[in-house]
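Reviewing the structure listed below.
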Amino acid sequence: MNNPTLLLLGGGYCLSHLAQHLTPGTFVLTTTSAEKQEAFTRLGYTAELVSLSEKTPVRELLHRYPSLETVIDSVPPIHNGSPTQGAEHIIAALPPNLLRFFYLSTTGVYGKRDGEWVTEESSCTPFLDRSRARVAVEQCYRAVLGDRLTVFRLSGICGPGRGMGPRMKRGAYRLPSETTRYTNRIHRDDITGVLLASLAARKPLPPVFNLNDDEPTLASEVVRFYRERFSLPEPQEITNEELHREAGRLTLNQRVSNALVKETLSYTFRYPSYRESAATEFESDEMSL
């Protein structure tokens, strides 16, 4: 009988890739898709079909694996109801021997910022509903878990099949006419690398890590690089009036510092900027789940 010590909540783009670097039998991976569960099982993973919105299945899941020591939660907050509902269901059933809890959040919690640098000590000033929900979940976990919790705030995720390049190719990327907007990104492989280093760490981790590459860059500069390197069409421009009316992610304008994660974990980013990561976005995702 397996005695897994790690629970991966949400077998999506990031954690399904992390699973490839772990030993089968040492972890449990959850999904809400029966098709994904079957695919994970074929790979030799212990996979469970469960939704965090349902209290009883969550309780049964955690009671089924009493040897769990670490949980990584990558599940977005629930939209149709309280954003902390899933977190509350998890907290109510956590095993007493839990040592660490990692929550994957977003740098969107820092708000607009007008091109300022943000660090883990910057205040949270979210203006998007989904970012406010992330803050609520972070606070819910922190109130119960204290220093056992490390929040990983992720910038825009790129990697195989995902990022600015594929969006530009599909004509789905819109470039704000304001040329002083900064973009931030983190490659899926570096998310995996940081999580693996965090799992292996022998010392207490900070309460928050920002995950971002080394070079927050003006959106116009990144677009120019993609167009020249990959012969992509010019993106449609979005005016400042449209930008503020939509009040979406494109209104974020931060420069996210990754100094703490590099210093704490002695981590060197595999993809330190958009220049190194760009070509990988046009590769197929080997999992394709």
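Labeling convention for the structure tokens: chains A, B, ... as they appear, residues from 1 per chain, ligands from 1 in order of appearance.
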
_as a ChimeraX atom specification, please: every residue in region 53-255 of chain A that a backbone DSSP assignment puts in strand (DSSP E or B)._
/A:70-73,100-106,116-118,149-154,156-159,162,174-176,182-183,185-187,208-211,217-218,236-238,254-255

*Quick one: residues within 6 Å of Glu69 (chain A), only C-alpha atoms counted, chain neighbours fewer than 4 positions away excluded, as a PyMOL selection string?*
chain A and resi 5+98-99

*Hey, what's within 10 Å of Arg275 (chain A) if we count only C-alpha atoms and toss same-chain stuff fewer than 4 positions away? As a VMD selection string, please?*
chain A and resid 215 222 225 to 226 229 271 279

*For CA of Asp114 (chain A) and CA of Arg162 (chain A), quote the distance in Å rounded to one decimal.*
25.7 Å

*Have a look at A:Phe152, A:Asn240, A:Gly115, A:Pro57 and name the one nearest to Leu195 (chain A); count only C-alpha atoms.*
A:Phe152

_Selection near Leu7 (chain A), 9 Å with only C-alpha atoms, sequence-local residues under 5 positions removed, as an MDAnalysis selection string_ = chainID A and resid 26:30 62 65 68:73

*For Ala19 (chain A), which residue out of A:Glu88, A:Asp129, A:Asp213, A:Asp189 is the nearest one, using only C-alpha atoms?*
A:Asp189

*Exercise: region 202-204 of chain A partners within 12 Å, only C-alpha atoms, chain neighbours under 6 positions left out, as a PyMOL selection string*: chain A and resi 99-101+147-150+264-265

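Distance check against Cys140 (chain A) using only C-alpha atoms: of A:Val109, A:Val261, A:Ala92, A:Val118, the minimum falls on A:Ala92.
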
Region 282-286 of chain A: which residues within 9 Å, counting only C-alpha atoms, same-chain residues fewer than 4 positions away excluded, as an mmCIF file with C-alpha atoms, in the first residue's frame?
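As written to disk, around.cif reads:
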```
data_model
loop_
_atom_site.group_PDB
_atom_site.id
_atom_site.type_symbol
_atom_site.label_atom_id
_atom_site.label_comp_id
_atom_site.auth_asym_id
_atom_site.auth_seq_id
_atom_site.Cartn_x
_atom_site.Cartn_y
_atom_site.Cartn_z
ATOM 1 C CA TYR A 13 -0.910 22.887 -16.474
ATOM 2 C CA GLY A 159 5.469 27.531 -21.673
ATOM 3 C CA PRO A 160 4.522 24.940 -24.296
ATOM 4 C CA GLY A 161 1.248 26.000 -25.911
ATOM 5 C CA ARG A 162 0.857 28.999 -23.630
ATOM 6 C CA GLY A 163 1.980 32.632 -23.590
ATOM 7 C CA GLY A 165 3.345 34.079 -28.774
ATOM 8 C CA PRO A 166 0.400 31.699 -29.300
ATOM 9 C CA ALA A 278 9.564 32.558 -26.352
#
```

Step one, run DSSP on the backbone; step two, keep only residues of region 124-287 of chain A assigned to alpha helix (DSSP H); then write them as an mmCIF file with N, CA and C atoms, in the first residue's frame.
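So states-v6.cif came out as:
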```cif
data_model
loop_
_atom_site.group_PDB
_atom_site.id
_atom_site.type_symbol
_atom_site.label_atom_id
_atom_site.label_comp_id
_atom_site.auth_asym_id
_atom_site.auth_seq_id
_atom_site.Cartn_x
_atom_site.Cartn_y
_atom_site.Cartn_z
ATOM 1 N N ASP A 129 -11.830 41.235 -9.487
ATOM 2 C CA ASP A 129 -12.542 40.323 -8.586
ATOM 3 C C ASP A 129 -11.747 39.040 -8.352
ATOM 4 N N ARG A 130 -11.133 38.511 -9.415
ATOM 5 C CA ARG A 130 -10.411 37.251 -9.251
ATOM 6 C C ARG A 130 -9.163 37.430 -8.374
ATOM 7 N N SER A 131 -8.563 38.624 -8.402
ATOM 8 C CA SER A 131 -7.415 38.878 -7.538
ATOM 9 C C SER A 131 -7.858 39.082 -6.092
ATOM 10 N N ARG A 132 -9.000 39.731 -5.903
ATOM 11 C CA ARG A 132 -9.539 39.869 -4.545
ATOM 12 C C ARG A 132 -9.845 38.496 -3.954
ATOM 13 N N ALA A 133 -10.352 37.603 -4.795
ATOM 14 C CA ALA A 133 -10.647 36.243 -4.329
ATOM 15 C C ALA A 133 -9.370 35.531 -3.897
ATOM 16 N N ARG A 134 -8.281 35.745 -4.627
ATOM 17 C CA ARG A 134 -7.002 35.127 -4.262
ATOM 18 C C ARG A 134 -6.532 35.623 -2.896
ATOM 19 N N VAL A 135 -6.656 36.928 -2.663
ATOM 20 C CA VAL A 135 -6.268 37.487 -1.369
ATOM 21 C C VAL A 135 -7.100 36.863 -0.253
ATOM 22 N N ALA A 136 -8.392 36.701 -0.497
ATOM 23 C CA ALA A 136 -9.276 36.105 0.514
ATOM 24 C C ALA A 136 -8.836 34.689 0.850
ATOM 25 N N VAL A 137 -8.451 33.907 -0.162
ATOM 26 C CA VAL A 137 -8.005 32.535 0.079
ATOM 27 C C VAL A 137 -6.674 32.535 0.827
ATOM 28 N N GLU A 138 -5.752 33.408 0.415
ATOM 29 C CA GLU A 138 -4.471 33.517 1.119
ATOM 30 C C GLU A 138 -4.704 33.788 2.608
ATOM 31 N N GLN A 139 -5.578 34.741 2.904
ATOM 32 C CA GLN A 139 -5.842 35.113 4.292
ATOM 33 C C GLN A 139 -6.520 33.987 5.060
ATOM 34 N N CYS A 140 -7.393 33.263 4.387
ATOM 35 C CA CYS A 140 -8.084 32.135 5.017
ATOM 36 C C CYS A 140 -7.077 31.063 5.443
ATOM 37 N N TYR A 141 -6.172 30.717 4.540
ATOM 38 C CA TYR A 141 -5.152 29.732 4.868
ATOM 39 C C TYR A 141 -4.201 30.251 5.960
ATOM 40 N N ARG A 142 -3.800 31.524 5.853
ATOM 41 C CA ARG A 142 -2.825 32.076 6.793
ATOM 42 C C ARG A 142 -3.373 32.060 8.215
ATOM 43 N N ALA A 143 -4.653 32.359 8.370
ATOM 44 C CA ALA A 143 -5.253 32.441 9.702
ATOM 45 C C ALA A 143 -5.156 31.114 10.445
ATOM 46 N N VAL A 144 -5.176 30.010 9.727
ATOM 47 C CA VAL A 144 -5.157 28.682 10.355
ATOM 48 C C VAL A 144 -3.760 28.064 10.333
ATOM 49 N N LEU A 145 -3.056 28.216 9.222
ATOM 50 C CA LEU A 145 -1.790 27.514 9.030
ATOM 51 C C LEU A 145 -0.579 28.276 9.537
ATOM 52 N N MET A 164 2.360 34.728 -24.702
ATOM 53 C CA MET A 164 2.054 35.802 -25.627
ATOM 54 C C MET A 164 2.157 35.357 -27.085
ATOM 55 N N GLY A 165 3.145 34.519 -27.397
ATOM 56 C CA GLY A 165 3.345 34.079 -28.774
ATOM 57 C C GLY A 165 2.130 33.402 -29.379
ATOM 58 N N PRO A 166 1.606 32.344 -28.758
ATOM 59 C CA PRO A 166 0.400 31.699 -29.300
ATOM 60 C C PRO A 166 -0.790 32.647 -29.385
ATOM 61 N N ARG A 167 -0.918 33.559 -28.419
ATOM 62 C CA ARG A 167 -2.030 34.512 -28.480
ATOM 63 C C ARG A 167 -1.873 35.466 -29.661
ATOM 64 N N MET A 168 -0.654 35.918 -29.914
ATOM 65 C CA MET A 168 -0.409 36.779 -31.073
ATOM 66 C C MET A 168 -0.684 36.027 -32.369
ATOM 67 N N LYS A 169 -0.275 34.776 -32.423
ATOM 68 C CA LYS A 169 -0.482 33.966 -33.633
ATOM 69 C C LYS A 169 -1.961 33.786 -33.928
ATOM 70 N N ARG A 170 -2.785 33.645 -32.872
ATOM 71 C CA ARG A 170 -4.231 33.486 -33.041
ATOM 72 C C ARG A 170 -4.942 34.821 -33.248
ATOM 73 N N ARG A 188 6.554 27.741 -17.045
ATOM 74 C CA ARG A 188 6.060 26.558 -16.320
ATOM 75 C C ARG A 188 7.205 25.741 -15.735
ATOM 76 N N ASP A 189 8.319 25.589 -16.470
ATOM 77 C CA ASP A 189 9.431 24.782 -15.973
ATOM 78 C C ASP A 189 10.102 25.422 -14.768
ATOM 79 N N ASP A 190 10.091 26.755 -14.703
ATOM 80 C CA ASP A 190 10.659 27.421 -13.536
ATOM 81 C C ASP A 190 9.707 27.348 -12.336
ATOM 82 N N ILE A 191 8.410 27.321 -12.582
ATOM 83 C CA ILE A 191 7.478 27.050 -11.485
ATOM 84 C C ILE A 191 7.788 25.685 -10.887
ATOM 85 N N THR A 192 7.961 24.700 -11.754
ATOM 86 C CA THR A 192 8.318 23.360 -11.294
ATOM 87 C C THR A 192 9.634 23.376 -10.542
ATOM 88 N N GLY A 193 10.627 24.074 -11.083
ATOM 89 C CA GLY A 193 11.940 24.125 -10.448
ATOM 90 C C GLY A 193 11.894 24.735 -9.060
ATOM 91 N N VAL A 194 11.150 25.828 -8.911
ATOM 92 C CA VAL A 194 11.039 26.484 -7.604
ATOM 93 C C VAL A 194 10.286 25.600 -6.617
ATOM 94 N N LEU A 195 9.213 24.948 -7.075
ATOM 95 C CA LEU A 195 8.463 24.068 -6.182
ATOM 96 C C LEU A 195 9.317 22.881 -5.726
ATOM 97 N N LEU A 196 10.088 22.309 -6.637
ATOM 98 C CA LEU A 196 10.965 21.198 -6.256
ATOM 99 C C LEU A 196 12.011 21.660 -5.243
ATOM 100 N N ALA A 197 12.582 22.835 -5.468
ATOM 101 C CA ALA A 197 13.571 23.365 -4.522
ATOM 102 C C ALA A 197 12.931 23.656 -3.170
ATOM 103 N N SER A 198 11.694 24.120 -3.181
ATOM 104 C CA SER A 198 10.987 24.405 -1.938
ATOM 105 C C SER A 198 10.663 23.121 -1.184
ATOM 106 N N LEU A 199 10.273 22.080 -1.916
ATOM 107 C CA LEU A 199 9.992 20.792 -1.284
ATOM 108 C C LEU A 199 11.243 20.196 -0.649
ATOM 109 N N ALA A 200 12.395 20.470 -1.266
ATOM 110 C CA ALA A 200 13.654 19.911 -0.771
ATOM 111 C C ALA A 200 14.301 20.761 0.314
ATOM 112 N N ALA A 219 5.598 45.951 -22.645
ATOM 113 C CA ALA A 219 4.827 45.100 -23.555
ATOM 114 C C ALA A 219 5.200 45.361 -25.003
ATOM 115 N N SER A 220 5.403 46.617 -25.367
ATOM 116 C CA SER A 220 5.735 46.961 -26.748
ATOM 117 C C SER A 220 7.059 46.339 -27.172
ATOM 118 N N GLU A 221 8.008 46.253 -26.254
ATOM 119 C CA GLU A 221 9.307 45.655 -26.567
ATOM 120 C C GLU A 221 9.175 44.152 -26.785
ATOM 121 N N VAL A 222 8.369 43.493 -25.955
ATOM 122 C CA VAL A 222 8.176 42.047 -26.098
ATOM 123 C C VAL A 222 7.454 41.740 -27.405
ATOM 124 N N VAL A 223 6.434 42.531 -27.726
ATOM 125 C CA VAL A 223 5.703 42.342 -28.983
ATOM 126 C C VAL A 223 6.632 42.493 -30.171
ATOM 127 N N ARG A 224 7.478 43.502 -30.151
ATOM 128 C CA ARG A 224 8.419 43.715 -31.255
ATOM 129 C C ARG A 224 9.339 42.508 -31.425
ATOM 130 N N PHE A 225 9.812 41.946 -30.318
ATOM 131 C CA PHE A 225 10.676 40.769 -30.385
ATOM 132 C C PHE A 225 9.958 39.589 -31.026
ATOM 133 N N TYR A 226 8.729 39.327 -30.585
ATOM 134 C CA TYR A 226 7.968 38.200 -31.126
ATOM 135 C C TYR A 226 7.694 38.383 -32.623
ATOM 136 N N ARG A 227 7.355 39.589 -33.026
ATOM 137 C CA ARG A 227 7.064 39.848 -34.443
ATOM 138 C C ARG A 227 8.295 39.616 -35.298
ATOM 139 N N GLU A 228 9.439 40.091 -34.845
ATOM 140 C CA GLU A 228 10.668 39.945 -35.626
ATOM 141 C C GLU A 228 11.182 38.510 -35.602
ATOM 142 N N ARG A 229 11.091 37.865 -34.473
ATOM 143 C CA ARG A 229 11.652 36.506 -34.329
ATOM 144 C C ARG A 229 10.786 35.457 -35.007
ATOM 145 N N PHE A 230 9.452 35.605 -34.936
ATOM 146 C CA PHE A 230 8.553 34.553 -35.401
ATOM 147 C C PHE A 230 7.635 35.001 -36.540
ATOM 148 N N ASN A 240 -6.497 53.476 -24.560
ATOM 149 C CA ASN A 240 -6.529 53.644 -23.110
ATOM 150 C C ASN A 240 -7.959 53.668 -22.582
ATOM 151 N N GLU A 241 -8.865 54.273 -23.377
ATOM 152 C CA GLU A 241 -10.266 54.332 -22.963
ATOM 153 C C GLU A 241 -10.857 52.932 -22.884
ATOM 154 N N GLU A 242 -10.595 52.110 -23.904
ATOM 155 C CA GLU A 242 -11.088 50.734 -23.900
ATOM 156 C C GLU A 242 -10.443 49.940 -22.766
ATOM 157 N N LEU A 243 -9.168 50.185 -22.544
ATOM 158 C CA LEU A 243 -8.420 49.465 -21.534
ATOM 159 C C LEU A 243 -9.032 49.663 -20.151
ATOM 160 N N HIS A 244 -9.300 50.902 -19.795
ATOM 161 C CA HIS A 244 -9.833 51.174 -18.469
ATOM 162 C C HIS A 244 -11.308 50.796 -18.354
ATOM 163 N N ARG A 245 -12.016 50.802 -19.489
ATOM 164 C CA ARG A 245 -13.413 50.398 -19.454
ATOM 165 C C ARG A 245 -13.523 48.900 -19.202
ATOM 166 N N GLU A 246 -12.641 48.128 -19.824
ATOM 167 C CA GLU A 246 -12.666 46.673 -19.644
ATOM 168 C C GLU A 246 -12.136 46.276 -18.265
ATOM 169 N N ALA A 259 13.893 38.556 -6.396
ATOM 170 C CA ALA A 259 15.138 38.470 -5.631
ATOM 171 C C ALA A 259 15.041 37.508 -4.446
ATOM 172 N N LEU A 260 13.891 37.475 -3.778
ATOM 173 C CA LEU A 260 13.773 36.659 -2.573
ATOM 174 C C LEU A 260 13.875 35.169 -2.873
ATOM 175 N N VAL A 261 13.209 34.716 -3.928
ATOM 176 C CA VAL A 261 13.250 33.284 -4.226
ATOM 177 C C VAL A 261 14.650 32.864 -4.664
ATOM 178 N N LYS A 262 15.351 33.733 -5.386
ATOM 179 C CA LYS A 262 16.712 33.398 -5.811
ATOM 180 C C LYS A 262 17.661 33.350 -4.618
ATOM 181 N N GLU A 263 17.494 34.290 -3.703
ATOM 182 C CA GLU A 263 18.365 34.339 -2.527
ATOM 183 C C GLU A 263 18.072 33.195 -1.571
ATOM 184 N N THR A 264 16.791 32.927 -1.306
ATOM 185 C CA THR A 264 16.414 31.922 -0.316
ATOM 186 C C THR A 264 16.753 30.509 -0.775
ATOM 187 N N LEU A 265 16.469 30.220 -2.035
ATOM 188 C CA LEU A 265 16.620 28.863 -2.550
ATOM 189 C C LEU A 265 17.873 28.672 -3.401
ATOM 190 N N TYR A 274 11.921 36.737 -21.500
ATOM 191 C CA TYR A 274 11.079 36.348 -22.629
ATOM 192 C C TYR A 274 11.904 35.859 -23.805
ATOM 193 N N ARG A 275 13.140 36.298 -23.927
ATOM 194 C CA ARG A 275 13.971 35.888 -25.063
ATOM 195 C C ARG A 275 14.264 34.391 -25.029
ATOM 196 N N GLU A 276 14.511 33.860 -23.849
ATOM 197 C CA GLU A 276 14.788 32.418 -23.722
ATOM 198 C C GLU A 276 13.517 31.581 -23.765
ATOM 199 N N SER A 277 12.420 32.102 -23.255
ATOM 200 C CA SER A 277 11.202 31.287 -23.137
ATOM 201 C C SER A 277 10.327 31.324 -24.389
#
```

_Close residues, Glu120 (chain A) itself excluded, 8 Å, only C-alpha atoms, min 6 positions apart in chain, as a PyMOL selection string_ = chain A and resi 208-210+260

*So how far away is CA of Asn212 (chain A) from CA of Gly86 (chain A), in Å?*
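Computing the Euclidean distance for CA of Gly86 (chain A) and CA of Asn212 (chain A) yields 26.2 Å.
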
*Go through A:Gly10, A:Pro4, A:Pro66, A:Pro76 and flag the residue nearest Ser33 (chain A), using only C-alpha atoms for the distances.*
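Closest candidate: A:Gly10.
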
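Considering the residues A:Gln37, A:Thr32, A:Ser67, A:Thr107 and counting only C-alpha atoms, Leu52 (chain A) has its shortest atom-to-atom contact with A:Thr32.
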
_Between CA of Lys112 (chain A) and CA of Glu237 (chain A), what is the distance in Å, rounded to a tenth?_
19.6 Å

_Minimum-distance residue to Ala93 (chain A), chosen among A:Leu128, A:Leu205, A:Val50, A:Val58 (using only C-alpha atoms)_ =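 Answer, going by the shortest atom-to-atom distance: A:Val58.
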